[in-house]
$ cat data.cif   # mmCIF, C-alpha atoms and all ligand atoms
data_target
loop_
_atom_site.group_PDB
_atom_site.id
_atom_site.type_symbol
_atom_site.label_atom_id
_atom_site.label_comp_id
_atom_site.auth_asym_id
_atom_site.auth_seq_id
_atom_site.Cartn_x
_atom_site.Cartn_y
_atom_site.Cartn_z
ATOM 1 C CA MET A 15 -2.706 -28.185 26.183
ATOM 2 C CA ARG A 16 -0.156 -28.336 28.976
ATOM 3 C CA ILE A 17 2.377 -25.571 28.765
ATOM 4 C CA VAL A 18 4.995 -23.691 30.714
ATOM 5 C CA LEU A 19 5.701 -20.015 30.072
ATOM 6 C CA LEU A 20 9.330 -19.245 30.665
ATOM 7 C CA GLY A 21 10.761 -15.765 30.892
ATOM 8 C CA ALA A 22 12.633 -13.257 32.993
ATOM 9 C CA PRO A 23 10.804 -11.009 35.428
ATOM 10 C CA GLY A 24 9.210 -8.284 33.292
ATOM 11 C CA SER A 25 9.015 -10.443 30.173
ATOM 12 C CA GLY A 26 5.213 -10.217 30.272
ATOM 13 C CA LYS A 27 4.549 -13.921 30.698
ATOM 14 C CA GLY A 28 2.041 -13.281 33.490
ATOM 15 C CA THR A 29 -0.020 -10.971 31.282
ATOM 16 C CA GLN A 30 0.162 -13.394 28.369
ATOM 17 C CA ALA A 31 -0.678 -16.363 30.586
ATOM 18 C CA GLN A 32 -3.812 -14.512 31.685
ATOM 19 C CA ARG A 33 -4.789 -13.724 28.090
ATOM 20 C CA LEU A 34 -4.089 -17.262 26.982
ATOM 21 C CA ALA A 35 -6.235 -18.605 29.816
ATOM 22 C CA GLU A 36 -9.117 -16.318 28.807
ATOM 23 C CA ARG A 37 -8.751 -17.327 25.178
ATOM 24 C CA THR A 38 -8.479 -21.080 25.650
ATOM 25 C CA GLY A 39 -10.392 -21.631 28.881
ATOM 26 C CA ILE A 40 -7.371 -23.497 30.191
ATOM 27 C CA PRO A 41 -6.468 -22.408 33.716
ATOM 28 C CA GLN A 42 -3.412 -20.315 34.419
ATOM 29 C CA ILE A 43 -1.469 -21.673 37.337
ATOM 30 C CA SER A 44 0.720 -19.091 38.966
ATOM 31 C CA THR A 45 2.698 -20.213 41.976
ATOM 32 C CA GLY A 46 2.346 -16.752 43.505
ATOM 33 C CA ASP A 47 -1.444 -17.010 43.298
ATOM 34 C CA LEU A 48 -1.345 -20.591 44.613
ATOM 35 C CA LEU A 49 0.697 -19.511 47.606
ATOM 36 C CA ARG A 50 -1.611 -16.635 48.431
ATOM 37 C CA ALA A 51 -4.698 -18.834 47.994
ATOM 38 C CA ALA A 52 -3.277 -21.653 50.130
ATOM 39 C CA VAL A 53 -2.385 -19.207 52.887
ATOM 40 C CA ALA A 54 -5.816 -17.577 52.696
ATOM 41 C CA ARG A 55 -7.604 -20.941 52.829
ATOM 42 C CA GLY A 56 -5.377 -22.139 55.629
ATOM 43 C CA THR A 57 -4.595 -25.505 54.009
ATOM 44 C CA GLU A 58 -1.833 -27.614 55.499
ATOM 45 C CA LEU A 59 0.573 -26.476 52.782
ATOM 46 C CA GLY A 60 -0.653 -22.910 53.205
ATOM 47 C CA ILE A 61 0.106 -22.965 56.911
ATOM 48 C CA LYS A 62 3.618 -24.270 56.202
ATOM 49 C CA ALA A 63 4.140 -21.699 53.469
ATOM 50 C CA LYS A 64 2.957 -18.902 55.728
ATOM 51 C CA ALA A 65 5.335 -20.030 58.482
ATOM 52 C CA ALA A 66 8.215 -19.968 55.998
ATOM 53 C CA MET A 67 7.281 -16.525 54.702
ATOM 54 C CA ASP A 68 6.729 -15.121 58.195
ATOM 55 C CA GLU A 69 10.218 -16.225 59.138
ATOM 56 C CA GLY A 70 11.574 -14.591 56.000
ATOM 57 C CA ARG A 71 12.519 -17.938 54.487
ATOM 58 C CA LEU A 72 11.960 -18.853 50.865
ATOM 59 C CA VAL A 73 9.115 -21.271 50.364
ATOM 60 C CA ASP A 74 10.958 -24.441 49.439
ATOM 61 C CA ASP A 75 10.613 -26.355 46.188
ATOM 62 C CA ALA A 76 8.863 -29.334 47.806
ATOM 63 C CA LEU A 77 6.163 -27.090 49.236
ATOM 64 C CA VAL A 78 5.558 -25.335 45.929
ATOM 65 C CA LEU A 79 5.468 -28.651 44.101
ATOM 66 C CA GLY A 80 2.988 -29.934 46.677
ATOM 67 C CA MET A 81 0.704 -27.014 45.897
ATOM 68 C CA ILE A 82 0.994 -27.640 42.187
ATOM 69 C CA ARG A 83 0.175 -31.293 42.747
ATOM 70 C CA GLU A 84 -2.965 -30.258 44.665
ATOM 71 C CA ARG A 85 -3.895 -27.768 41.966
ATOM 72 C CA LEU A 86 -3.467 -30.301 39.156
ATOM 73 C CA ALA A 87 -5.859 -32.626 40.956
ATOM 74 C CA GLU A 88 -8.677 -30.135 40.378
ATOM 75 C CA PRO A 89 -11.013 -31.019 37.500
ATOM 76 C CA ASP A 90 -10.536 -27.808 35.509
ATOM 77 C CA THR A 91 -6.989 -28.885 34.644
ATOM 78 C CA ARG A 92 -8.180 -31.876 32.605
ATOM 79 C CA ALA A 93 -8.064 -29.761 29.456
ATOM 80 C CA GLY A 94 -4.585 -28.630 30.416
ATOM 81 C CA PHE A 95 -2.835 -25.844 32.300
ATOM 82 C CA ILE A 96 -0.635 -22.834 31.770
ATOM 83 C CA LEU A 97 2.194 -22.749 34.279
ATOM 84 C CA ASP A 98 3.483 -19.243 34.847
ATOM 85 C CA GLY A 99 6.418 -18.643 37.176
ATOM 86 C CA PHE A 100 7.205 -22.298 37.725
ATOM 87 C CA PRO A 101 9.596 -24.036 37.365
ATOM 88 C CA ARG A 102 12.255 -21.483 38.214
ATOM 89 C CA ASN A 103 15.259 -23.759 38.471
ATOM 90 C CA LEU A 104 16.490 -27.163 37.317
ATOM 91 C CA VAL A 105 15.518 -28.893 40.561
ATOM 92 C CA GLN A 106 11.932 -27.687 40.173
ATOM 93 C CA ALA A 107 11.919 -28.590 36.478
ATOM 94 C CA ALA A 108 13.038 -32.142 37.216
ATOM 95 C CA ALA A 109 10.473 -32.429 40.017
ATOM 96 C CA LEU A 110 7.740 -31.147 37.718
ATOM 97 C CA ASP A 111 8.796 -33.661 35.084
ATOM 98 C CA GLY A 112 8.439 -36.449 37.631
ATOM 99 C CA LEU A 113 5.052 -35.237 38.850
ATOM 100 C CA LEU A 114 3.652 -34.878 35.326
ATOM 101 C CA ALA A 115 4.983 -38.298 34.327
ATOM 102 C CA GLU A 116 3.258 -39.768 37.377
ATOM 103 C CA LEU A 117 0.010 -37.990 36.431
ATOM 104 C CA LYS A 118 0.496 -39.058 32.797
ATOM 105 C CA GLN A 119 0.152 -35.402 31.799
ATOM 106 C CA PRO A 120 3.416 -34.545 30.051
ATOM 107 C CA LEU A 121 4.069 -31.006 28.852
ATOM 108 C CA ASP A 122 3.161 -30.124 25.269
ATOM 109 C CA ALA A 123 5.290 -27.008 24.988
ATOM 110 C CA VAL A 124 7.478 -24.553 26.842
ATOM 111 C CA VAL A 125 7.384 -21.025 25.478
ATOM 112 C CA GLN A 126 10.375 -18.835 26.154
ATOM 113 C CA PHE A 127 9.714 -15.072 26.223
ATOM 114 C CA GLU A 128 12.698 -13.227 24.772
ATOM 115 C CA VAL A 129 13.117 -9.636 25.945
ATOM 116 C CA ASP A 130 16.196 -7.446 25.865
ATOM 117 C CA ARG A 131 17.684 -6.720 29.293
ATOM 118 C CA ALA A 132 17.362 -2.923 29.054
ATOM 119 C CA GLU A 133 13.701 -3.359 28.176
ATOM 120 C CA LEU A 134 13.211 -5.696 31.156
ATOM 121 C CA VAL A 135 14.651 -3.109 33.531
ATOM 122 C CA LYS A 136 12.348 -0.441 32.114
ATOM 123 C CA ARG A 137 9.321 -2.703 32.347
ATOM 124 C CA ILE A 138 9.960 -3.833 35.914
ATOM 125 C CA SER A 139 10.972 -0.518 37.424
ATOM 126 C CA GLY A 140 7.986 1.241 35.814
ATOM 127 C CA ARG A 141 5.479 -1.355 36.923
ATOM 128 C CA ARG A 142 2.698 -0.195 39.252
ATOM 129 C CA THR A 143 -0.323 -2.050 40.552
ATOM 130 C CA CYS A 144 -3.600 -0.511 41.642
ATOM 131 C CA ALA A 145 -4.129 -1.200 45.328
ATOM 132 C CA ASP A 146 -7.889 -1.391 44.763
ATOM 133 C CA CYS A 147 -8.492 -3.308 41.527
ATOM 134 C CA ALA A 148 -5.065 -4.987 41.060
ATOM 135 C CA CYS A 149 -4.790 -3.689 37.480
ATOM 136 C CA VAL A 150 -1.176 -3.479 36.368
ATOM 137 C CA PHE A 151 0.256 -0.411 34.631
ATOM 138 C CA ASN A 152 3.657 0.823 33.619
ATOM 139 C CA VAL A 153 4.359 4.467 34.285
ATOM 140 C CA LEU A 154 7.208 4.340 31.740
ATOM 141 C CA THR A 155 5.600 2.375 28.905
ATOM 142 C CA SER A 156 1.814 2.373 29.449
ATOM 143 C CA PRO A 157 0.702 4.908 32.049
ATOM 144 C CA PRO A 158 -3.013 4.937 32.898
ATOM 145 C CA THR A 159 -4.681 7.695 30.872
ATOM 146 C CA GLY A 160 -8.219 8.813 30.087
ATOM 147 C CA ALA A 161 -10.972 6.444 31.121
ATOM 148 C CA ALA A 162 -8.376 3.797 31.952
ATOM 149 C CA ALA A 163 -7.074 6.046 34.722
ATOM 150 C CA ILE A 164 -10.310 5.592 36.663
ATOM 151 C CA CYS A 165 -10.481 2.594 38.950
ATOM 152 C CA PRO A 166 -13.497 0.356 38.248
ATOM 153 C CA ARG A 167 -13.586 -0.529 41.935
ATOM 154 C CA THR A 168 -13.612 2.935 43.477
ATOM 155 C CA GLY A 169 -14.565 5.291 40.630
ATOM 156 C CA ALA A 170 -11.596 7.428 41.642
ATOM 157 C CA PRO A 171 -8.163 7.385 39.986
ATOM 158 C CA HIS A 172 -6.281 4.108 40.539
ATOM 159 C CA ARG A 173 -4.130 4.037 43.634
ATOM 160 C CA LEU A 174 -0.860 2.955 42.076
ATOM 161 C CA ILE A 175 1.634 1.208 44.263
ATOM 162 C CA GLN A 176 5.008 -0.279 43.439
ATOM 163 C CA ARG A 177 5.671 -3.853 44.445
ATOM 164 C CA ALA A 178 8.460 -3.956 46.985
ATOM 165 C CA ASP A 179 10.654 -6.051 44.691
ATOM 166 C CA ASP A 180 9.997 -3.993 41.554
ATOM 167 C CA ASN A 181 12.338 -1.142 42.383
ATOM 168 C CA GLU A 182 15.495 -0.624 40.369
ATOM 169 C CA ALA A 183 17.782 -1.742 43.168
ATOM 170 C CA THR A 184 16.299 -5.230 43.255
ATOM 171 C CA VAL A 185 15.701 -5.556 39.510
ATOM 172 C CA ALA A 186 19.376 -6.213 38.826
ATOM 173 C CA GLU A 187 19.449 -8.908 41.496
ATOM 174 C CA ARG A 188 16.268 -10.559 40.212
ATOM 175 C CA LEU A 189 17.658 -10.605 36.691
ATOM 176 C CA ARG A 190 20.921 -12.068 37.974
ATOM 177 C CA VAL A 191 19.017 -14.845 39.751
ATOM 178 C CA TYR A 192 17.046 -15.470 36.567
ATOM 179 C CA GLU A 193 20.222 -15.749 34.504
ATOM 180 C CA GLU A 194 21.823 -18.089 36.985
ATOM 181 C CA LYS A 195 18.891 -20.296 38.024
ATOM 182 C CA THR A 196 16.184 -20.067 35.404
ATOM 183 C CA ARG A 197 18.006 -19.572 32.108
ATOM 184 C CA PRO A 198 19.429 -23.134 32.244
ATOM 185 C CA LEU A 199 15.837 -24.337 31.775
ATOM 186 C CA ILE A 200 16.015 -23.172 28.158
ATOM 187 C CA ALA A 201 18.585 -25.863 27.362
ATOM 188 C CA PHE A 202 16.733 -28.339 29.593
ATOM 189 C CA TYR A 203 13.503 -28.002 27.604
ATOM 190 C CA GLN A 204 15.286 -27.592 24.296
ATOM 191 C CA SER A 205 16.857 -31.007 24.767
ATOM 192 C CA ARG A 206 13.363 -32.424 25.284
ATOM 193 C CA GLY A 207 12.128 -30.850 22.060
ATOM 194 C CA LEU A 208 9.570 -28.721 23.915
ATOM 195 C CA LEU A 209 11.049 -25.247 23.607
ATOM 196 C CA ARG A 210 9.467 -22.539 21.439
ATOM 197 C CA ALA A 211 11.017 -19.095 21.676
ATOM 198 C CA ILE A 212 9.056 -15.954 20.869
ATOM 199 C CA ASP A 213 10.028 -12.313 20.548
ATOM 200 C CA ALA A 214 8.245 -10.835 23.571
ATOM 201 C CA GLU A 215 9.099 -7.175 22.912
ATOM 202 C CA GLY A 216 6.740 -4.613 21.444
ATOM 203 C CA GLN A 217 2.985 -4.299 21.794
ATOM 204 C CA VAL A 218 1.199 -6.694 24.152
ATOM 205 C CA ASP A 219 -1.256 -7.620 21.359
ATOM 206 C CA ALA A 220 1.578 -8.446 18.979
ATOM 207 C CA VAL A 221 3.151 -10.722 21.586
ATOM 208 C CA THR A 222 -0.226 -12.385 22.108
ATOM 209 C CA GLU A 223 -0.355 -13.093 18.365
ATOM 210 C CA ARG A 224 3.165 -14.538 18.362
ATOM 211 C CA LEU A 225 2.334 -16.714 21.329
ATOM 212 C CA GLY A 226 -0.755 -17.995 19.535
ATOM 213 C CA VAL A 227 1.258 -18.796 16.440
ATOM 214 C CA ALA A 228 3.939 -20.554 18.527
ATOM 215 C CA LEU A 229 1.252 -22.734 20.082
ATOM 216 C CA GLY A 230 -0.552 -23.339 16.793
ATOM 217 C CA LEU A 231 -3.777 -21.734 18.034
ATOM 218 C CA ALA A 232 -6.516 -20.543 15.692
ATOM 219 C CA PRO A 233 -6.532 -16.759 15.175
ATOM 220 C CA ARG A 234 -7.987 -14.789 18.058
ATOM 221 C CA PRO A 235 -11.673 -13.805 18.022
ATOM 222 C CA ALA A 236 -10.881 -10.201 17.028
ATOM 223 C CA ALA A 237 -8.602 -11.313 14.210
ATOM 224 C CA ALA A 238 -11.007 -14.088 13.268
ATOM 225 C CA ALA A 239 -13.897 -11.624 13.029
ATOM 226 C CA ARG A 240 -11.867 -9.400 10.708
ATOM 227 C CA LYS A 241 -10.805 -12.340 8.573
ATOM 228 C CA GLY A 242 -14.277 -13.845 8.755
ATOM 229 C CA ALA A 243 -15.868 -10.666 7.386
ATOM 230 C CA ALA A 244 -13.492 -10.777 4.439
ATOM 231 C CA ALA A 245 -13.927 -14.489 3.988
ATOM 232 C CA LYS A 246 -17.725 -14.225 4.010
ATOM 233 C CA ARG A 247 -17.831 -12.012 0.909
ATOM 234 C CA PRO A 248 -16.798 -14.554 -1.736
ATOM 235 C CA PRO A 249 -19.279 -17.239 -0.610
ATOM 236 C CA ARG A 250 -22.031 -14.587 -0.742
ATOM 237 C CA ARG A 251 -21.242 -13.990 -4.401
ATOM 238 C CA LYS A 252 -21.036 -17.670 -5.273
ATOM 239 C CA PRO A 253 -24.587 -18.972 -4.729
ATOM 240 C CA ALA A 254 -25.781 -16.860 -7.647
ATOM 241 C CA ARG A 255 -29.512 -17.427 -8.052
ATOM 242 C CA PRO A 256 -31.026 -17.865 -4.599
ATOM 243 C CA ALA A 257 -28.912 -15.138 -2.986
ATOM 244 C CA ARG A 258 -29.365 -12.622 -5.775
ATOM 245 C CA ARG A 259 -32.575 -10.970 -4.622
ATOM 246 C CA ARG A 260 -31.720 -10.974 -0.939
ATOM 247 C CA ARG A 261 -28.282 -9.489 -1.286
ATOM 248 C CA PRO A 262 -29.142 -5.801 -1.795
ATOM 249 C CA ALA A 263 -31.484 -5.839 1.202
ATOM 250 C CA ALA A 264 -28.906 -7.567 3.393
ATOM 251 C CA ARG A 265 -26.310 -4.961 2.468
ATOM 252 C CA ALA A 266 -28.674 -2.086 3.111
ATOM 253 C CA GLU A 267 -29.476 -3.525 6.513
ATOM 254 C CA LYS A 268 -25.828 -3.588 7.413
ATOM 255 C CA ARG A 269 -25.156 -0.059 6.243
ATOM 256 C CA ARG A 270 -28.251 1.470 7.824
ATOM 257 C CA PRO A 271 -29.008 0.413 11.381
ATOM 258 C CA ALA A 272 -32.613 1.742 11.167
ATOM 259 C CA PRO A 273 -34.520 -1.424 10.242
ATOM 260 C CA LYS A 274 -37.849 0.253 9.308
ATOM 261 C CA LYS A 275 -36.409 2.096 6.312
ATOM 262 C CA VAL A 276 -35.032 -1.024 4.697
ATOM 263 C CA PRO A 277 -38.256 -2.773 3.763
ATOM 264 C CA ALA A 278 -39.747 0.528 2.562
ATOM 265 C CA ARG A 279 -36.787 1.256 0.333
ATOM 266 C CA ALA A 280 -36.590 -2.305 -0.861
ATOM 267 C CA ALA A 281 -40.299 -2.186 -1.688
ATOM 268 C CA ARG A 282 -39.919 1.066 -3.604
ATOM 269 C CA LYS A 283 -36.961 -0.363 -5.500
ATOM 270 C CA LYS A 284 -38.927 -3.463 -6.318
ATOM 271 C CA ARG A 285 -41.832 -1.417 -7.638
ATOM 272 C CA ALA A 286 -39.653 0.981 -9.600
ATOM 273 C CA GLY A 287 -36.859 -1.239 -10.817
ATOM 274 C CA GLY A 288 -38.498 -4.607 -10.493
ATOM 275 C CA PRO A 289 -38.746 -5.480 -14.164
ATOM 276 C CA ARG A 290 -35.210 -4.222 -14.827
ATOM 277 C CA THR A 291 -33.656 -6.255 -12.052
ATOM 278 C CA ARG A 292 -35.516 -9.321 -13.088
ATOM 279 C CA LYS A 293 -34.295 -9.197 -16.664
ATOM 280 C CA PRO A 294 -30.561 -9.965 -16.310
ATOM 281 C CA PRO A 295 -31.003 -13.391 -14.705
ATOM 282 C CA ALA A 296 -33.531 -14.248 -17.367
ATOM 283 C CA ARG A 297 -31.131 -13.241 -20.139
ATOM 284 C CA ARG A 298 -28.370 -15.268 -18.531
ATOM 285 C CA ARG A 299 -30.519 -18.309 -18.302
ATOM 286 C CA ALA A 300 -31.505 -17.900 -21.916
ATOM 287 C CA ARG A 301 -27.887 -17.689 -23.050
ATOM 288 C CA ARG A 302 -27.035 -20.866 -21.257
HETATM 289 ZN ZN ZN B 1 -7.828 0.443 40.323
#
$ encode --input "data.cif" --output "structure tokens"
Amino acid sequence: MRIVLLGAPGSGKGTQAQRLAERTGIPQISTGDLLRAAVARGTELGIKAKAAMDEGRLVDDALVLGMIRERLAEPDTRAGFILDGFPRNLVQAAALDGLLAELKQPLDAVVQFEVDRAELVKRISGRRTCADCACVFNVLTSPPTGAAAICPRTGAPHRLIQRADDNEATVAERLRVYEEKTRPLIAFYQSRGLLRAIDAEGQVDAVTERLGVALGLAPRPAAAARKGAAAKRPPRRKPARPARRRRPAARAEKRRPAPKKVPARAARKKRAGGPRTRKPPARRRARR
């Protein structure tokens, strides 16, 4: 599955990309992470990127595409990739198209995250990251409370910091850039029949579900377990004769975690009600 997640800053695509990667085992490719990793490893592209950033220049499209090319050469991308934060403009989109055509790995879908502008502003300006564990919170919509307020790295409360470009003054500018540069990608991918729009407002879990549906994924493990429990009941009733005796014991085991009591009770029941429980099947067989 090769997909691009498209959305304004604050639309939650990074969070969903991470969840999708965990769920599918397909790597999330974030250009921000790639840049940081390349700089940290001191690769040729990393050195160039660092020079650009140190001089306060934007890292140019060719450099970013070069990093994506390198990343897509790694074996874990054979099953696919989730691009998050790239492409950001038509030039990058066209370049990505060319690269993927060359690699014979065309995109399967582009998911557009739809979020109201007022909600975006709230999400971005409230966003805080823990300086120690990198967990992301929102002091306006999901402040860290209770056990979640304690940093798993330090055991003390998270040290929340605001990203320099997450303040309200720059939010408007980032959204303007998105509207001008990135929004045209919606039409670009729509014309290629790849676009799937989802409502990305509301609970994170609900958005995860919508994303799964948009991509035609099987229900998530949690949802599958719930459905599976319900789905298991009818088959248990169906195989009438062999399952009949075992069923009460199996149920008792589930209700009572203490395993020692179950055989004792079952044994007592057998002794006391044995003949009675044996009769109905016999009568049924006789009728047939
Ligand atoms: Zn923390």
$ axis_aligned_box --input "data.cif" --around "stretch 90-101 of chain A" --padding-each-side "5 Å" --output "JSON"
{"center_x": -0.5, "center_y": -25.3, "center_z": 33.6, "size_x": 30.1, "size_y": 23.2, "size_z": 18.3}
$ closest_atom_pairs --input "data.cif" --of "chain A" --to "ligand ZN 1 (chain B)" --cutoff "10 Å" --atoms "only C-alpha atoms and all ligand atoms" --output "JSON lines"
{"residue": "A:Thr143", "atom": "CA", "partner": "B:ZN1", "partner_atom": "ZN", "distance": 7.9}
{"residue": "A:Cys144", "atom": "CA", "partner": "B:ZN1", "partner_atom": "ZN", "distance": 4.5}
{"residue": "A:Ala145", "atom": "CA", "partner": "B:ZN1", "partner_atom": "ZN", "distance": 6.4}
{"residue": "A:Asp146", "atom": "CA", "partner": "B:ZN1", "partner_atom": "ZN", "distance": 4.8}
{"residue": "A:Cys147", "atom": "CA", "partner": "B:ZN1", "partner_atom": "ZN", "distance": 4.0}
{"residue": "A:Ala148", "atom": "CA", "partner": "B:ZN1", "partner_atom": "ZN", "distance": 6.1}
{"residue": "A:Cys149", "atom": "CA", "partner": "B:ZN1", "partner_atom": "ZN", "distance": 5.9}
{"residue": "A:Val150", "atom": "CA", "partner": "B:ZN1", "partner_atom": "ZN", "distance": 8.7}
{"residue": "A:Phe151", "atom": "CA", "partner": "B:ZN1", "partner_atom": "ZN", "distance": 9.9}
{"residue": "A:Pro158", "atom": "CA", "partner": "B:ZN1", "partner_atom": "ZN", "distance": 9.9}
{"residue": "A:Ala162", "atom": "CA", "partner": "B:ZN1", "partner_atom": "ZN", "distance": 9.0}
{"residue": "A:Ala163", "atom": "CA", "partner": "B:ZN1", "partner_atom": "ZN", "distance": 8.0}
{"residue": "A:Ile164", "atom": "CA", "partner": "B:ZN1", "partner_atom": "ZN", "distance": 6.8}
{"residue": "A:Cys165", "atom": "CA", "partner": "B:ZN1", "partner_atom": "ZN", "distance": 3.7}
{"residue": "A:Pro166", "atom": "CA", "partner": "B:ZN1", "partner_atom": "ZN", "distance": 6.0}
{"residue": "A:Arg167", "atom": "CA", "partner": "B:ZN1", "partner_atom": "ZN", "distance": 6.1}
{"residue": "A:Thr168", "atom": "CA", "partner": "B:ZN1", "partner_atom": "ZN", "distance": 7.0}
{"residue": "A:Gly169", "atom": "CA", "partner": "B:ZN1", "partner_atom": "ZN", "distance": 8.3}
{"residue": "A:Ala170", "atom": "CA", "partner": "B:ZN1", "partner_atom": "ZN", "distance": 8.0}
{"residue": "A:Pro171", "atom": "CA", "partner": "B:ZN1", "partner_atom": "ZN", "distance": 7.0}
{"residue": "A:His172", "atom": "CA", "partner": "B:ZN1", "partner_atom": "ZN", "distance": 4.0}
{"residue": "A:Arg173", "atom": "CA", "partner": "B:ZN1", "partner_atom": "ZN", "distance": 6.1}
{"residue": "A:Leu174", "atom": "CA", "partner": "B:ZN1", "partner_atom": "ZN", "distance": 7.6}
$ resolve_selection --input "data.cif" --expression "the PyMOL selection byres (((chain A and resi 93) around 10) and not hetatm)" --output "number ranges by chain"
A: 15-16, 38-41, 89-92, 94-95
$ residues_around --input "data.cif" --residues "stretch 118-123 of chain A" --least-positions-apart "3" --cutoff "9 Å" --atoms "only C-alpha atoms" --output "list of chain:residue names"
A:Met15, A:Arg16, A:Ile17, A:Val18, A:Leu19, A:Gly94, A:Asp111, A:Leu113, A:Leu114, A:Ala115, A:Tyr203, A:Gly207, A:Leu208, A:Leu209, A:Arg210, A:Leu229
$ write_last_selection --input "data.cif" --atoms "C-alpha atoms" --output "compact mmCIF listing (two decimals), in the coordinates of the input"
# COMPACT_ATOMS: atom_id res chain seq x y z
CA MET A 15 -2.71 -28.18 26.18
CA ARG A 16 -0.16 -28.34 28.98
CA ILE A 17 2.38 -25.57 28.76
CA VAL A 18 5.00 -23.69 30.71
CA LEU A 19 5.70 -20.02 30.07
CA GLY A 94 -4.58 -28.63 30.42
CA ASP A 111 8.80 -33.66 35.08
CA LEU A 113 5.05 -35.24 38.85
CA LEU A 114 3.65 -34.88 35.33
CA ALA A 115 4.98 -38.30 34.33
CA TYR A 203 13.50 -28.00 27.60
CA GLY A 207 12.13 -30.85 22.06
CA LEU A 208 9.57 -28.72 23.92
CA LEU A 209 11.05 -25.25 23.61
CA ARG A 210 9.47 -22.54 21.44
CA LEU A 229 1.25 -22.73 20.08
$ atom_distance --input "data.cif" --atom1 "atom CA of A:Ala22" --atom2 "atom CA of A:Tyr192"
6.1 Å
$ closest_atom_pairs --input "data.cif" --of "stretch 86-184 of chain A" --to "stretch 63-80 of chain A" --cutoff "12 Å" --atoms "all atoms listed in the file" --output "tab-separated table"
residue	atom	partner	partner_atom	distance
A:Leu86	CA	A:Gly80	CA	9.9
A:Ala87	CA	A:Gly80	CA	10.9
A:Leu97	CA	A:Leu79	CA	11.9
A:Gly99	CA	A:Val78	CA	11.1
A:Phe100	CA	A:Val78	CA	8.9
A:Pro101	CA	A:Leu79	CA	9.1
A:Arg102	CA	A:Asp75	CA	9.5
A:Asn103	CA	A:Asp75	CA	9.4
A:Leu104	CA	A:Asp75	CA	10.7
A:Val105	CA	A:Asp75	CA	7.9
A:Gln106	CA	A:Asp75	CA	6.3
A:Ala107	CA	A:Leu79	CA	10.0
A:Ala108	CA	A:Leu79	CA	10.8
A:Ala109	CA	A:Leu79	CA	7.5
A:Leu110	CA	A:Leu79	CA	7.2
A:Asp111	CA	A:Leu79	CA	10.8
A:Gly112	CA	A:Leu79	CA	10.6
A:Leu113	CA	A:Leu79	CA	8.4
A:Leu114	CA	A:Leu79	CA	10.9
$ write_last_selection --input "data.cif" --atoms "C-alpha atoms" --output "PDB file, in the coordinates of the input"
ATOM      1  CA  LEU A  86      -3.467 -30.301  39.156  1.00  0.00           C
ATOM      2  CA  ALA A  87      -5.859 -32.626  40.956  1.00  0.00           C
ATOM      3  CA  LEU A  97       2.194 -22.749  34.279  1.00  0.00           C
ATOM      4  CA  GLY A  99       6.418 -18.643  37.176  1.00  0.00           C
ATOM      5  CA  PHE A 100       7.205 -22.298  37.725  1.00  0.00           C
ATOM      6  CA  PRO A 101       9.596 -24.036  37.365  1.00  0.00           C
ATOM      7  CA  ARG A 102      12.255 -21.483  38.214  1.00  0.00           C
ATOM      8  CA  ASN A 103      15.259 -23.759  38.471  1.00  0.00           C
ATOM      9  CA  LEU A 104      16.490 -27.163  37.317  1.00  0.00           C
ATOM     10  CA  VAL A 105      15.518 -28.893  40.561  1.00  0.00           C
ATOM     11  CA  GLN A 106      11.932 -27.687  40.173  1.00  0.00           C
ATOM     12  CA  ALA A 107      11.919 -28.590  36.478  1.00  0.00           C
ATOM     13  CA  ALA A 108      13.038 -32.142  37.216  1.00  0.00           C
ATOM     14  CA  ALA A 109      10.473 -32.429  40.017  1.00  0.00           C
ATOM     15  CA  LEU A 110       7.740 -31.147  37.718  1.00  0.00           C
ATOM     16  CA  ASP A 111       8.796 -33.661  35.084  1.00  0.00           C
ATOM     17  CA  GLY A 112       8.439 -36.449  37.631  1.00  0.00           C
ATOM     18  CA  LEU A 113       5.052 -35.237  38.850  1.00  0.00           C
ATOM     19  CA  LEU A 114       3.652 -34.878  35.326  1.00  0.00           C
TER      20      LEU A 114
END
$ atom_distance --input "data.cif" --atom1 "atom CA of A:Ala232" --atom2 "atom CA of A:Leu34"
12.0 Å
$ residues_around --input "data.cif" --residues "A:Arg37" --least-positions-apart "3" --cutoff "12 Å" --atoms "only C-alpha atoms" --output "MDAnalysis selection string"
chainID A and resid 30:34 40:42 96 222:223 225:226 231:236
$ closest_residue --input "data.cif" --among "A:Glu187, A:Glu36, A:Asp179, A:Glu128" --to "A:Gly216" --atoms "all atoms listed in the file"
A:Glu128
$ atom_distance --input "data.cif" --atom1 "atom CA of A:Asp219" --atom2 "atom CA of A:Asn181"
25.9 Å
$ residues_around --input "data.cif" --residues "A:Leu48" --least-positions-apart "3" --cutoff "9 Å" --atoms "all atoms listed in the file" --output "ChimeraX atom specification"
/A:43-45,51-53,60,78,81-82,85
$ write_last_selection --input "data.cif" --atoms "C-alpha atoms" --output "compact mmCIF listing (two decimals), in the frame of the given file"
# COMPACT_ATOMS: atom_id res chain seq x y z
CA ILE A 43 -1.47 -21.67 37.34
CA SER A 44 0.72 -19.09 38.97
CA THR A 45 2.70 -20.21 41.98
CA ALA A 51 -4.70 -18.83 47.99
CA ALA A 52 -3.28 -21.65 50.13
CA VAL A 53 -2.38 -19.21 52.89
CA GLY A 60 -0.65 -22.91 53.20
CA VAL A 78 5.56 -25.34 45.93
CA MET A 81 0.70 -27.01 45.90
CA ILE A 82 0.99 -27.64 42.19
CA ARG A 85 -3.90 -27.77 41.97
$ resolve_selection --input "data.cif" --expression "the PyMOL selection byres (((chain A and resi 129) around 8) and not hetatm)" --output "PyMOL selection string"
chain A and resi 22+25+127-128+130-131+133-134+213-215
